[in-house]
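Participant: target_13.cif is the file, holding mmCIF, C-alpha atoms:
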data_protein
loop_
_atom_site.label_atom_id
_atom_site.label_comp_id
_atom_site.auth_asym_id
_atom_site.auth_seq_id
_atom_site.Cartn_x
_atom_site.Cartn_y
_atom_site.Cartn_z
CA MET J 1 21.84 28.50 -0.33
CA LYS J 2 24.99 26.92 -1.88
CA ASN J 3 25.93 30.22 -3.59
CA GLN J 4 25.54 32.11 -0.33
CA LYS J 5 27.67 29.57 1.52
CA LYS J 6 30.34 29.75 -1.24
CA ALA J 7 30.37 33.53 -1.09
CA ILE J 8 30.78 33.50 2.70
CA VAL J 9 33.67 31.01 2.54
CA LEU J 10 35.44 32.97 -0.25
CA GLY J 11 35.02 36.16 1.71
CA LEU J 12 36.56 34.61 4.80
CA THR J 13 39.41 33.20 2.67
CA ALA J 14 40.07 36.57 1.05
CA SER J 15 40.23 38.26 4.42
CA MET J 16 42.87 35.79 5.46
CA LEU J 17 44.91 36.27 2.25
CA MET J 18 44.93 40.09 2.16
CA PRO J 19 47.52 40.68 4.89
CA VAL J 20 49.81 38.10 3.41
CA CYS J 21 49.60 39.62 -0.09
CA PHE J 22 50.55 43.10 1.03
CA ASN J 23 53.46 41.93 3.16
CA GLY J 24 54.97 39.63 0.47
CA GLY J 25 54.81 42.06 -2.39
CA THR J 26 53.17 39.74 -4.94
CA ALA J 27 50.29 37.23 -4.86
CA GLU J 28 52.49 34.45 -6.21
CA ALA J 29 55.11 34.88 -3.51
CA ALA J 30 52.51 34.95 -0.76
CA ALA J 31 50.84 31.77 -2.03
CA ALA J 32 54.21 30.01 -2.14
CA ASP J 33 54.92 30.83 1.52
CA MET J 34 51.50 29.70 2.83
CA ASP J 35 50.68 26.23 3.96
CA VAL J 36 48.01 25.33 1.43
CA ALA J 37 46.96 22.25 3.34
CA ALA J 38 46.45 24.19 6.59
CA MET J 39 44.45 26.86 4.80
CA GLN J 40 42.29 24.23 3.11
CA ALA J 41 41.66 22.59 6.47
CA GLU J 42 40.61 25.87 7.99
CA ILE J 43 38.31 26.55 5.06
CA ASN J 44 36.73 23.12 5.56
CA ASP J 45 36.33 23.83 9.26
CA LEU J 46 34.65 27.14 8.57
CA THR J 47 32.35 25.46 6.06
CA ALA J 48 31.37 22.80 8.60
CA ARG J 49 30.76 25.40 11.31
CA LEU J 50 28.59 27.41 8.95
CA THR J 51 26.61 24.30 8.06
CA ASP J 52 26.07 23.55 11.77
CA LEU J 53 24.87 27.10 12.39
CA GLU J 54 22.42 26.85 9.51
CA ASN J 55 21.11 23.52 10.82
CA SER J 56 20.77 24.90 14.35
CA LEU J 57 18.91 27.93 13.05
CA ALA J 58 16.51 25.77 11.04
CA ALA J 59 15.88 23.52 14.07
CA ALA J 60 15.27 26.53 16.31
CA LYS J 61 12.76 27.98 13.84
CA GLU J 62 10.98 24.64 13.55
CA LYS J 63 10.79 24.33 17.34
CA GLN J 64 9.47 27.87 17.64
CA GLU J 65 6.77 27.25 15.06
CA ALA J 66 5.78 24.00 16.79
CA ALA J 67 5.52 25.79 20.13
CA LYS J 68 3.31 28.48 18.57
CA SER J 69 1.08 25.87 16.94
CA GLU J 70 0.78 23.92 20.20
CA LYS J 71 -0.06 27.07 22.14
CA LYS J 72 -2.69 28.05 19.56
CA ALA J 73 -4.22 24.56 19.54
CA LYS J 74 -4.28 24.48 23.35
CA LYS J 75 -5.95 27.88 23.43
CA GLU J 76 -8.61 26.81 20.93
CA ALA J 77 -9.19 23.36 22.45
CA PRO J 78 -12.54 22.90 24.28
CA THR J 79 -12.26 23.50 28.02
CA LEU J 80 -14.72 21.85 30.38
CA LYS J 81 -16.30 24.09 33.00
CA TRP J 82 -17.71 22.21 35.97
CA SER J 83 -20.52 23.40 38.18
CA GLY J 84 -23.25 21.91 40.32
CA SER J 85 -25.28 22.09 43.49
CA THR J 86 -26.31 20.04 46.49
CA LYS J 87 -29.44 20.12 48.60
CA SER J 88 -30.09 18.25 51.83
CA GLY J 89 -32.88 18.70 54.35
CA TYR J 90 -35.66 17.39 56.53
CA MET J 91 -39.39 17.76 55.79
CA TYR J 92 -42.27 17.12 58.17
CA ASP J 93 -45.83 17.09 56.78
CA GLU J 94 -49.49 16.82 57.86
CA LYS J 95 -49.25 13.03 57.95
CA LYS J 96 -46.76 13.40 60.79
CA THR J 97 -44.17 11.79 58.59
CA GLY J 98 -40.59 12.95 58.36
CA LYS J 99 -38.58 12.75 55.15
CA ILE J 100 -34.84 13.07 54.79
CA LYS J 101 -34.11 14.46 51.33
CA ALA J 102 -30.84 14.81 49.47
CA GLU J 103 -30.04 15.91 45.93
CA ALA J 104 -26.88 16.59 43.95
CA LYS J 105 -26.32 17.95 40.44
CA ILE J 106 -23.08 17.64 38.48
CA LEU J 107 -22.94 19.79 35.34
CA ALA J 108 -20.29 20.29 32.65
CA THR J 109 -20.27 22.80 29.80
CA THR J 110 -17.81 23.60 27.02
CA VAL J 111 -17.53 25.54 23.75
CA VAL J 112 -16.59 23.65 20.57
CA ASP J 113 -14.86 25.46 17.69
CA LYS J 114 -15.72 28.81 19.28
CA THR J 115 -19.24 28.28 17.98
CA TYR J 116 -21.24 25.56 19.73
CA ASP J 117 -22.15 25.40 23.41
CA VAL J 118 -22.36 21.86 24.73
CA GLY J 119 -23.76 20.85 28.12
CA LEU J 120 -24.01 17.56 29.99
CA GLY J 121 -25.21 16.85 33.51
CA LEU J 122 -26.69 14.31 35.90
CA LYS J 123 -28.96 14.62 38.93
CA PHE J 124 -28.81 12.23 41.88
CA LYS J 125 -31.77 12.16 44.25
CA SER J 126 -32.44 10.26 47.46
CA THR J 127 -35.51 10.35 49.74
CA SER J 128 -35.91 8.37 52.96
CA SER J 129 -39.26 8.39 54.83
CA GLU J 130 -39.57 7.60 58.50
CA PRO J 131 -41.96 4.86 59.75
CA ASN J 132 -45.53 6.08 60.31
CA ASN J 133 -48.80 4.45 61.46
CA GLY J 134 -47.28 1.00 61.49
CA LYS J 135 -45.82 1.34 58.00
CA TYR J 136 -42.21 0.58 57.29
CA SER J 137 -39.81 3.28 56.27
CA SER J 138 -39.23 3.72 52.56
CA GLU J 139 -36.30 4.79 50.43
CA LYS J 140 -36.04 6.09 46.88
CA ASN J 141 -32.77 6.57 45.04
CA LYS J 142 -32.85 7.97 41.53
CA VAL J 143 -30.46 9.13 38.82
CA LYS J 144 -31.64 11.37 36.00
CA LEU J 145 -30.17 13.05 32.92
CA GLU J 146 -30.22 16.71 33.93
CA GLN J 147 -28.99 18.17 30.65
CA ALA J 148 -27.49 17.06 27.34
CA TYR J 149 -27.73 19.82 24.76
CA VAL J 150 -25.95 21.76 22.04
CA GLY J 151 -26.53 25.48 21.51
CA ARG J 152 -25.46 28.23 19.14
CA SER J 153 -25.95 31.96 18.67
CA PHE J 154 -27.16 33.51 15.43
CA GLY J 155 -26.87 37.21 16.14
CA PRO J 156 -29.62 38.13 18.63
CA VAL J 157 -31.08 34.60 18.50
CA TYR J 158 -29.74 31.77 20.66
CA VAL J 159 -30.98 28.27 19.85
CA LYS J 160 -30.56 25.14 21.95
CA ALA J 161 -31.50 21.53 21.22
CA GLY J 162 -31.54 18.55 23.55
CA VAL J 163 -32.25 17.84 27.20
CA GLN J 164 -32.30 21.14 29.08
CA THR J 165 -34.01 23.25 31.75
CA VAL J 166 -37.05 25.33 30.77
CA SER J 167 -38.75 27.93 32.94
CA LEU J 168 -41.65 30.32 32.29
CA GLY J 169 -42.72 33.28 34.40
CA GLU J 170 -42.29 32.70 38.13
CA GLY J 171 -42.42 28.93 37.63
CA LEU J 172 -46.04 28.31 38.61
CA TRP J 173 -46.76 26.13 35.58
CA LEU J 174 -43.35 25.31 34.18
CA SER J 175 -39.93 25.22 35.85
CA LYS J 176 -38.31 21.93 34.98
CA SER J 177 -34.99 20.33 34.08
CA SER J 178 -34.51 17.13 32.03
CA VAL J 179 -36.91 18.37 29.33
CA ASN J 180 -36.15 17.34 25.74
CA GLN J 181 -36.74 20.51 23.73
CA PHE J 182 -35.70 22.70 20.83
CA THR J 183 -35.73 26.26 22.20
CA ALA J 184 -35.00 29.70 20.78
CA ASN J 185 -34.35 32.88 22.73
CA TYR J 186 -34.66 36.06 20.67
CA LYS J 187 -33.34 39.29 22.18
CA MET J 188 -35.59 41.64 20.25
CA THR J 189 -34.32 44.77 22.03
CA PRO J 190 -32.19 45.30 25.16
CA ARG J 191 -35.45 45.10 27.16
CA ASP J 192 -37.66 42.75 25.12
CA THR J 193 -37.20 38.99 24.85
CA LEU J 194 -39.13 36.28 23.03
CA TYR J 195 -38.62 32.70 24.25
CA ALA J 196 -40.15 29.64 22.55
CA GLY J 197 -39.80 25.88 22.75
CA TYR J 198 -41.09 22.69 21.12
CA GLY J 199 -40.52 19.05 22.07
CA ARG J 200 -41.39 16.52 24.76
CA ASP J 201 -41.74 16.93 28.48
CA SER J 202 -39.55 15.27 31.11
CA GLN J 203 -37.75 11.98 30.49
CA ASP J 204 -37.85 9.00 32.85
CA TYR J 205 -35.17 8.34 35.44
CA LEU J 206 -32.10 6.46 34.28
CA VAL J 207 -32.05 4.53 37.54
CA ASN J 208 -35.34 4.12 39.40
CA ASP J 209 -36.60 2.44 42.53
CA THR J 210 -36.54 -1.33 41.96
CA ASN J 211 -39.70 -1.69 44.05
CA ASP J 212 -41.64 0.69 41.81
CA ASN J 213 -44.02 -1.32 39.63
CA ASN J 214 -45.16 1.67 37.58
CA PRO J 215 -44.25 1.62 33.87
CA PRO J 216 -41.69 4.07 32.46
CA ALA J 217 -42.92 7.65 32.23
CA ARG J 218 -44.69 8.47 28.97
CA THR J 219 -43.68 11.84 27.65
CA ARG J 220 -46.20 14.35 26.32
CA LEU J 221 -46.01 17.07 23.72
CA LEU J 222 -44.74 20.28 25.28
CA LYS J 223 -44.63 23.59 23.41
CA PHE J 224 -44.69 27.20 24.56
CA ALA J 225 -43.97 30.83 23.71
CA GLN J 226 -43.23 33.66 26.14
CA TYR J 227 -42.74 37.40 25.77
CA GLN J 228 -41.09 39.46 28.53
CA HIS J 229 -40.38 43.18 28.89
CA ASP J 230 -37.80 44.40 31.41
CA PHE J 231 -38.61 47.80 32.87
CA SER J 232 -35.40 47.81 34.91
CA LYS J 233 -32.95 45.33 36.43
CA ASP J 234 -35.47 44.04 38.99
CA ALA J 235 -38.79 44.97 37.38
CA TYR J 236 -40.35 42.98 34.55
CA ALA J 237 -43.65 41.67 33.20
CA GLY J 238 -44.59 39.06 30.66
CA LEU J 239 -47.13 36.65 29.26
CA TYR J 240 -46.98 33.14 27.83
CA PHE J 241 -49.09 30.41 26.31
CA GLY J 242 -48.35 26.76 25.75
CA THR J 243 -49.50 23.17 25.58
CA GLN J 244 -48.62 20.16 27.67
CA GLN J 245 -50.69 17.53 25.93
CA PRO J 246 -53.65 17.66 26.26
CA GLU J 247 -53.68 20.71 28.55
CA ARG J 248 -53.51 24.28 27.17
CA TYR J 249 -52.15 27.09 29.35
CA LEU J 250 -52.22 30.88 29.27
CA GLY J 251 -50.36 32.91 31.88
CA VAL J 252 -49.23 36.39 32.91
CA TYR J 253 -46.61 37.34 35.48
CA GLY J 254 -44.54 40.21 36.82
CA SER J 255 -42.17 41.39 39.52
CA THR J 256 -41.19 44.81 40.84
CA PRO J 257 -39.53 46.49 43.82
CA ILE J 258 -41.90 48.45 46.06
CA VAL J 259 -39.86 50.50 48.50
CA GLY J 260 -36.49 49.92 50.11
CA LYS J 261 -35.81 46.17 50.28
CA PHE J 262 -39.47 45.24 49.75
CA GLY J 263 -40.61 43.70 46.48
CA ILE J 264 -43.59 41.84 45.07
CA SER J 265 -44.07 39.21 42.36
CA ALA J 266 -47.09 37.35 41.05
CA GLU J 267 -48.23 34.89 38.40
CA TYR J 268 -51.63 33.81 37.10
CA VAL J 269 -52.16 30.74 34.90
CA ARG J 270 -55.30 29.35 33.28
CA ASN J 271 -55.90 25.88 31.84
CA THR J 272 -58.35 26.26 28.94
CA ASN J 273 -58.80 22.54 28.32
CA LYS J 274 -62.27 21.76 29.73
CA GLU J 275 -62.43 18.06 28.93
CA LYS J 276 -60.09 16.46 31.44
CA PRO J 277 -59.13 12.89 30.53
CA GLY J 278 -59.51 10.23 33.18
CA PHE J 279 -56.49 8.14 34.04
CA GLY J 280 -56.59 4.93 32.04
CA ASP J 281 -59.24 6.18 29.58
CA VAL J 282 -56.60 6.51 26.90
CA ASP J 283 -53.56 4.44 26.03
CA ASN J 284 -51.17 7.31 26.71
CA GLY J 285 -50.78 6.39 30.37
CA TYR J 286 -51.84 9.74 31.79
CA GLY J 287 -55.01 11.42 33.08
CA TYR J 288 -56.81 12.61 36.22
CA LYS J 289 -58.16 10.45 39.05
CA TYR J 290 -61.02 12.90 39.68
CA PHE J 291 -62.75 14.51 36.69
CA GLY J 292 -66.14 15.51 35.31
CA ALA J 293 -66.38 19.25 36.10
CA ASN J 294 -65.67 20.12 32.44
CA LYS J 295 -64.56 23.68 33.11
CA ASN J 296 -61.49 25.87 32.87
CA THR J 297 -59.16 25.68 35.85
CA GLN J 298 -56.89 28.41 37.12
CA GLY J 299 -54.39 29.32 39.79
CA TYR J 300 -52.24 32.16 41.03
CA VAL J 301 -49.44 32.95 43.44
CA ILE J 302 -48.56 36.27 45.08
CA SER J 303 -45.22 36.72 46.85
CA LEU J 304 -44.11 39.60 49.06
CA ASN J 305 -40.40 39.57 49.80
CA TYR J 306 -37.94 41.53 51.90
CA GLY J 307 -34.17 41.43 51.28
CA LYS J 308 -32.01 39.03 49.28
CA ALA J 309 -29.90 36.17 50.62
CA LYS J 310 -27.02 36.27 48.14
CA LYS J 311 -23.80 37.33 49.88
CA LYS J 312 -22.52 35.93 53.17
CA GLY J 313 -24.47 37.26 56.12
CA THR J 314 -27.46 38.51 54.10
CA TRP J 315 -30.99 37.19 54.54
CA ASP J 316 -34.51 37.41 53.18
CA ILE J 317 -38.05 36.59 54.17
CA ILE J 318 -40.84 35.78 51.71
CA GLY J 319 -44.56 35.56 52.35
CA GLN J 320 -46.73 33.76 49.77
CA TYR J 321 -50.37 33.11 49.05
CA LEU J 322 -51.36 30.36 46.58
CA ASN J 323 -54.78 29.48 45.22
CA ILE J 324 -54.64 26.52 42.82
CA ASP J 325 -57.74 24.78 41.47
CA GLN J 326 -58.06 21.03 41.42
CA ASN J 327 -56.92 19.63 38.04
CA LEU J 328 -55.00 22.73 37.04
CA PHE J 329 -51.95 20.51 36.57
CA MET J 330 -52.07 16.85 35.63
CA ASP J 331 -48.49 16.28 36.76
CA ASP J 332 -47.15 18.06 39.84
CA GLY J 333 -43.53 17.57 38.77
CA TYR J 334 -43.30 20.66 36.53
CA THR J 335 -44.21 23.50 38.88
CA ASP J 336 -41.60 25.21 41.03
CA TRP J 337 -43.83 24.29 44.00
CA ASP J 338 -43.63 20.56 43.25
CA ASP J 339 -43.21 19.69 46.95
CA TYR J 340 -46.68 21.13 47.68
CA ILE J 341 -48.98 21.46 44.65
CA THR J 342 -50.73 18.31 43.34
CA ALA J 343 -53.71 17.60 41.09
CA ASP J 344 -55.86 17.90 44.25
CA GLY J 345 -55.33 21.66 44.29
CA PHE J 346 -53.68 23.86 46.90
CA LYS J 347 -54.89 26.91 48.82
CA GLY J 348 -53.07 28.62 51.64
CA PHE J 349 -50.11 30.62 52.88
CA GLY J 350 -46.39 30.03 52.93
CA LEU J 351 -43.46 31.60 54.76
CA ILE J 352 -39.86 31.25 53.58
CA MET J 353 -36.76 32.44 55.42
CA ASP J 354 -33.27 32.25 53.88
CA TYR J 355 -29.87 33.03 55.37
CA ALA J 356 -26.67 33.03 53.32
CA THR J 357 -24.08 31.22 55.44
CA SER J 358 -21.48 32.01 52.75
CA ASP J 359 -21.42 33.36 49.21
CA HIS J 360 -22.35 29.92 47.85
CA THR J 361 -24.32 28.26 50.67
CA LYS J 362 -27.76 28.96 52.12
CA LEU J 363 -29.86 27.74 55.02
CA SER J 364 -33.63 27.85 54.41
CA LEU J 365 -36.78 27.24 56.43
CA LEU J 366 -40.07 26.79 54.54
CA ARG J 367 -43.45 26.57 56.28
CA TYR J 368 -46.85 26.19 54.56
CA TRP J 369 -50.37 26.31 56.04
CA ALA J 370 -52.85 25.16 53.39
CA HIS J 371 -55.44 22.63 52.31
CA THR J 372 -56.46 20.86 49.11
CA ASN J 373 -58.85 22.73 46.84
CA PRO J 374 -61.31 20.18 45.36
CA ASP J 375 -64.23 20.82 43.03
CA GLY J 376 -67.41 18.94 43.97
CA ASP J 377 -68.18 18.25 40.30
CA ASN J 378 -64.99 16.21 39.89
CA LEU J 379 -65.73 12.59 40.78
CA LYS J 380 -63.37 9.70 41.31
CA GLY J 381 -63.19 7.84 38.01
CA GLY J 382 -65.86 10.22 36.70
CA THR J 383 -68.70 8.45 38.52
CA GLY J 384 -67.59 7.94 42.14
CA SER J 385 -67.42 10.30 45.08
CA SER J 386 -65.80 13.71 45.06
CA LEU J 387 -62.54 14.51 46.80
CA GLU J 388 -62.89 15.79 50.36
CA LYS J 389 -60.99 18.86 51.48
CA SER J 390 -58.00 17.92 53.62
CA PRO J 391 -55.23 19.87 55.38
CA HIS J 392 -51.91 20.27 53.68
CA TYR J 393 -49.10 21.73 55.75
CA SER J 394 -45.39 21.09 55.94
CA THR J 395 -42.15 22.32 57.48
CA TYR J 396 -38.96 21.98 55.48
CA LEU J 397 -35.47 22.82 56.73
CA LYS J 398 -32.80 22.54 54.03
CA PHE J 399 -29.20 23.50 53.32
CA THR J 400 -28.11 24.21 49.73
CA THR J 401 -24.75 24.77 48.10
CA LYS J 402 -23.67 25.92 44.65
CA PHE J 403 -20.25 25.45 43.11
#
What's the structure tokens form of this structure?
Facilitator:
Amino acid sequence: MKNQKKAIVLGLTASMLMPVCFNGGTAEAAAADMDVAAMQAEINDLTARLTDLENSLAAAKEKQEAAKSEKKAKKEAPTLKWSGSTKSGYMYDEKKTGKIKAEAKILATTVVDKTYDVGLGLKFKSTSSEPNNGKYSSEKNKVKLEQAYVGRSFGPVYVKAGVQTVSLGEGLWLSKSSVNQFTANYKMTPRDTLYAGYGRDSQDYLVNDTNDNNPPARTRLLKFAQYQHDFSKDAYAGLYFGTQQPERYLGVYGSTPIVGKFGISAEYVRNTNKEKPGFGDVDNGYGYKYFGANKNTQGYVISLNYGKAKKKGTWDIIGQYLNIDQNLFMDDGYTDWDDYITADGFKGFGLIMDYATSDHTKLSLLRYWAHTNPDGDNLKGGTGSSLEKSPHYSTYLKFTTKF
């Protein structure tokens, strides 16, 4: 750098001397006529200016590199993506009791180091029941961990570990969030998918009703595997098997368009565990209130639908028939029909009407005409009386949003 600077200064000096040399005749005469001090001062000034330019150039390059690094770091930094949903409505059931229900989910996802998917979310739930038959109204307010997971892709296989949502088939047995699982989704071909999971079932609420004297929920082993083949965008079929301790399930399902806007879907599930545990017989804190039949239980749902309520102004109508044995499910909180199906069984018809009030909001009316589906061989506590058949109907008007 010093040699370059010296060469530049000498060149500038020579350019200044050349006219003088030619006009004076000799170099000695020209040098004698020049003001050496003034020339030296100008040379010093040029040297200083050159040094300033070099410093400015170095500072500009450093600033440019810093800006590039900052832009790159900002581009690669994890960005949170927020989403969620709300649900509010009014339900009226066969007990002539009205319930005001509200639910909100707040979810956040991000990608770390362009490799790992991370998700976190909470669910807030509130239910208020109106007074009935001399009983006071009741309120339940709950907060639950909706999701807390990390996921990563390995080619056609996507694995996820932590609290997440799992769903099989049409959701008759399993459609549940807040489940602590290790899952793997293998895209075998563009139309064939294998989905498997192993872990525990749903966790307890983070904040529960202070008047609830029940102990914290005791999780059970939950494992499953499902295979699905897609015939087209809207037509598919699959089968699954799994365990929700101590119950063992085997199911098949499918969905297909029929003609025009009509479509049909169905699911059948069978519980192959014949020896149903009674509640309190074991220290695990779970079991059935009515048991003793010692047989396989089964259930199915058939849905006929017209239209799809997705875009603003669109609507659909869905007719359903459900036939669920008593003791098919020990816990009614895992089925997609958790507002209706219990361990007492469920048999009857349902009608659902949806209207999309906007691209992200929907107004729904759900009406069910059904009754419980008891087995006379199941006795209360194993030795008492059997469960009597009772009506089970409800009307539910709700408004949902997604954002």
Participant: Record the distance separating CA of Phe262 (chain J) and CA of Leu304 (chain J), expressed in Å with one decimal.
Facilitator: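 About the pair CA of Phe262 (chain J) and CA of Leu304 (chain J): they are 7.3 Å apart.
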Participant: Got a sec to resolve the PyMOL selection byres ((chain J and resi 269-275) around 10) on this structure and send the residues as a ChimeraX atom specification?
Facilitator: /J:169,172-173,239-243,245-253,267-268,276-278,291-301,324-325,327-329
Participant: With a distance cut-off of 10 Å and only C-alpha atoms, select the neighbouring residues of region 113-127 of chain J, excluding the residue or stretch itself and same-chain residues fewer than 6 positions from it, and output the selection as a PyMOL selection string.
Facilitator: chain J and resi 76-78+80-90+99-107+138-154+159-164+177-178+205-207
Participant: Quick one: residues within 8 Å of Ala184 (chain J), only C-alpha atoms counted, chain neighbours fewer than 6 positions away excluded, as a PyMOL selection string?
Facilitator: chain J and resi 157-160+195-197
Participant: Compare J:Ile264, J:Ala370, J:Leu168, J:Ile341 by their minimum atom-to-atom distance to Tyr306 (chain J), counting all atoms listed in the file, and give me the closest one.
Facilitator: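 Nearest to Tyr306 (chain J): J:Ile264.
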Participant: Can you pull out every residue within 6 Å of Ile352 (chain J), counting all atoms listed in the file, but drop anything in the same chain fewer than 3 positions away, and send it as a ChimeraX atom specification?
Facilitator: /J:317-318,365-366
Participant: Take the selection from the previous step and output its residues with C-alpha atoms, as a CSV table (one decimal), keeping the file's coordinate frame.
Facilitator:
chain,number,residue,atom,x,y,z
J,317,ILE,CA,-38.0,36.6,54.2
J,318,ILE,CA,-40.8,35.8,51.7
J,365,LEU,CA,-36.8,27.2,56.4
J,366,LEU,CA,-40.1,26.8,54.5
Participant: Of the residues J:Gly345, J:Gly254, J:Pro391, J:Gly171, which is the one nearest to Asn373 (chain J), using all atoms listed in the file?
Facilitator: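 Using all atoms listed in the file, the shortest distance to Asn373 (chain J) belongs to J:Gly345.
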Participant: When you draw a straight line from CA of Asp336 (chain J) to CA of Val166 (chain J), how long is it in Å?
Facilitator: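 Interatomic distance here is 11.2 Å.
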Participant: Regenerate region 339-346 of chain J at the level of all heavy atoms and dump it as a PDB file, keeping the file's coordinate frame.
Facilitator:
ATOM      1  N   ASP J 339     -43.120  20.349  45.637  1.00  0.00           N
ATOM      2  CA  ASP J 339     -43.210  19.690  46.950  1.00  0.00           C
ATOM      3  C   ASP J 339     -44.583  19.899  47.594  1.00  0.00           C
ATOM      4  O   ASP J 339     -44.873  19.267  48.627  1.00  0.00           O
ATOM      5  CB  ASP J 339     -42.137  20.227  47.899  1.00  0.00           C
ATOM      6  CG  ASP J 339     -40.757  19.668  47.577  1.00  0.00           C
ATOM      7  OD1 ASP J 339     -40.689  18.497  47.161  1.00  0.00           O
ATOM      8  OD2 ASP J 339     -39.764  20.403  47.718  1.00  0.00           O
ATOM      9  N   TYR J 340     -45.429  20.754  47.017  1.00  0.00           N
ATOM     10  CA  TYR J 340     -46.680  21.130  47.680  1.00  0.00           C
ATOM     11  C   TYR J 340     -47.903  20.975  46.769  1.00  0.00           C
ATOM     12  O   TYR J 340     -48.938  20.454  47.190  1.00  0.00           O
ATOM     13  CB  TYR J 340     -46.578  22.583  48.170  1.00  0.00           C
ATOM     14  CG  TYR J 340     -45.293  22.849  48.902  1.00  0.00           C
ATOM     15  CD1 TYR J 340     -44.232  23.497  48.279  1.00  0.00           C
ATOM     16  CD2 TYR J 340     -45.112  22.413  50.215  1.00  0.00           C
ATOM     17  CE1 TYR J 340     -43.033  23.728  48.945  1.00  0.00           C
ATOM     18  CE2 TYR J 340     -43.921  22.638  50.894  1.00  0.00           C
ATOM     19  CZ  TYR J 340     -42.882  23.291  50.251  1.00  0.00           C
ATOM     20  OH  TYR J 340     -41.696  23.492  50.907  1.00  0.00           O
ATOM     21  N   ILE J 341     -47.820  21.453  45.540  1.00  0.00           N
ATOM     22  CA  ILE J 341     -48.980  21.460  44.650  1.00  0.00           C
ATOM     23  C   ILE J 341     -49.149  20.085  44.002  1.00  0.00           C
ATOM     24  O   ILE J 341     -48.197  19.522  43.461  1.00  0.00           O
ATOM     25  CB  ILE J 341     -48.828  22.537  43.568  1.00  0.00           C
ATOM     26  CG1 ILE J 341     -48.800  23.930  44.205  1.00  0.00           C
ATOM     27  CG2 ILE J 341     -49.980  22.456  42.566  1.00  0.00           C
ATOM     28  CD1 ILE J 341     -48.558  25.051  43.196  1.00  0.00           C
ATOM     29  N   THR J 342     -50.381  19.549  44.031  1.00  0.00           N
ATOM     30  CA  THR J 342     -50.730  18.310  43.340  1.00  0.00           C
ATOM     31  C   THR J 342     -51.989  18.541  42.515  1.00  0.00           C
ATOM     32  O   THR J 342     -52.549  19.646  42.502  1.00  0.00           O
ATOM     33  CB  THR J 342     -50.970  17.161  44.338  1.00  0.00           C
ATOM     34  OG1 THR J 342     -52.174  17.427  45.075  1.00  0.00           O
ATOM     35  CG2 THR J 342     -49.806  17.017  45.311  1.00  0.00           C
ATOM     36  N   ALA J 343     -52.477  17.495  41.856  1.00  0.00           N
ATOM     37  CA  ALA J 343     -53.710  17.600  41.090  1.00  0.00           C
ATOM     38  C   ALA J 343     -54.915  17.851  41.990  1.00  0.00           C
ATOM     39  O   ALA J 343     -55.986  18.243  41.505  1.00  0.00           O
ATOM     40  CB  ALA J 343     -53.928  16.331  40.273  1.00  0.00           C
ATOM     41  N   ASP J 344     -54.766  17.656  43.307  1.00  0.00           N
ATOM     42  CA  ASP J 344     -55.860  17.900  44.250  1.00  0.00           C
ATOM     43  C   ASP J 344     -56.093  19.374  44.519  1.00  0.00           C
ATOM     44  O   ASP J 344     -57.069  19.738  45.181  1.00  0.00           O
ATOM     45  CB  ASP J 344     -55.594  17.184  45.579  1.00  0.00           C
ATOM     46  CG  ASP J 344     -55.510  15.681  45.416  1.00  0.00           C
ATOM     47  OD1 ASP J 344     -56.046  15.167  44.420  1.00  0.00           O
ATOM     48  OD2 ASP J 344     -54.889  15.024  46.272  1.00  0.00           O
ATOM     49  N   GLY J 345     -55.206  20.231  44.023  1.00  0.00           N
ATOM     50  CA  GLY J 345     -55.330  21.660  44.290  1.00  0.00           C
ATOM     51  C   GLY J 345     -54.593  22.052  45.559  1.00  0.00           C
ATOM     52  O   GLY J 345     -54.206  21.200  46.378  1.00  0.00           O
ATOM     53  N   PHE J 346     -54.439  23.355  45.744  1.00  0.00           N
ATOM     54  CA  PHE J 346     -53.680  23.860  46.900  1.00  0.00           C
ATOM     55  C   PHE J 346     -54.133  25.286  47.181  1.00  0.00           C
ATOM     56  O   PHE J 346     -54.159  26.128  46.281  1.00  0.00           O
ATOM     57  CB  PHE J 346     -52.184  23.832  46.576  1.00  0.00           C
ATOM     58  CG  PHE J 346     -51.281  24.147  47.725  1.00  0.00           C
ATOM     59  CD1 PHE J 346     -50.793  23.145  48.538  1.00  0.00           C
ATOM     60  CD2 PHE J 346     -50.901  25.459  47.981  1.00  0.00           C
ATOM     61  CE1 PHE J 346     -49.933  23.432  49.589  1.00  0.00           C
ATOM     62  CE2 PHE J 346     -50.050  25.761  49.015  1.00  0.00           C
ATOM     63  CZ  PHE J 346     -49.555  24.744  49.827  1.00  0.00           C
TER      64      PHE J 346
END
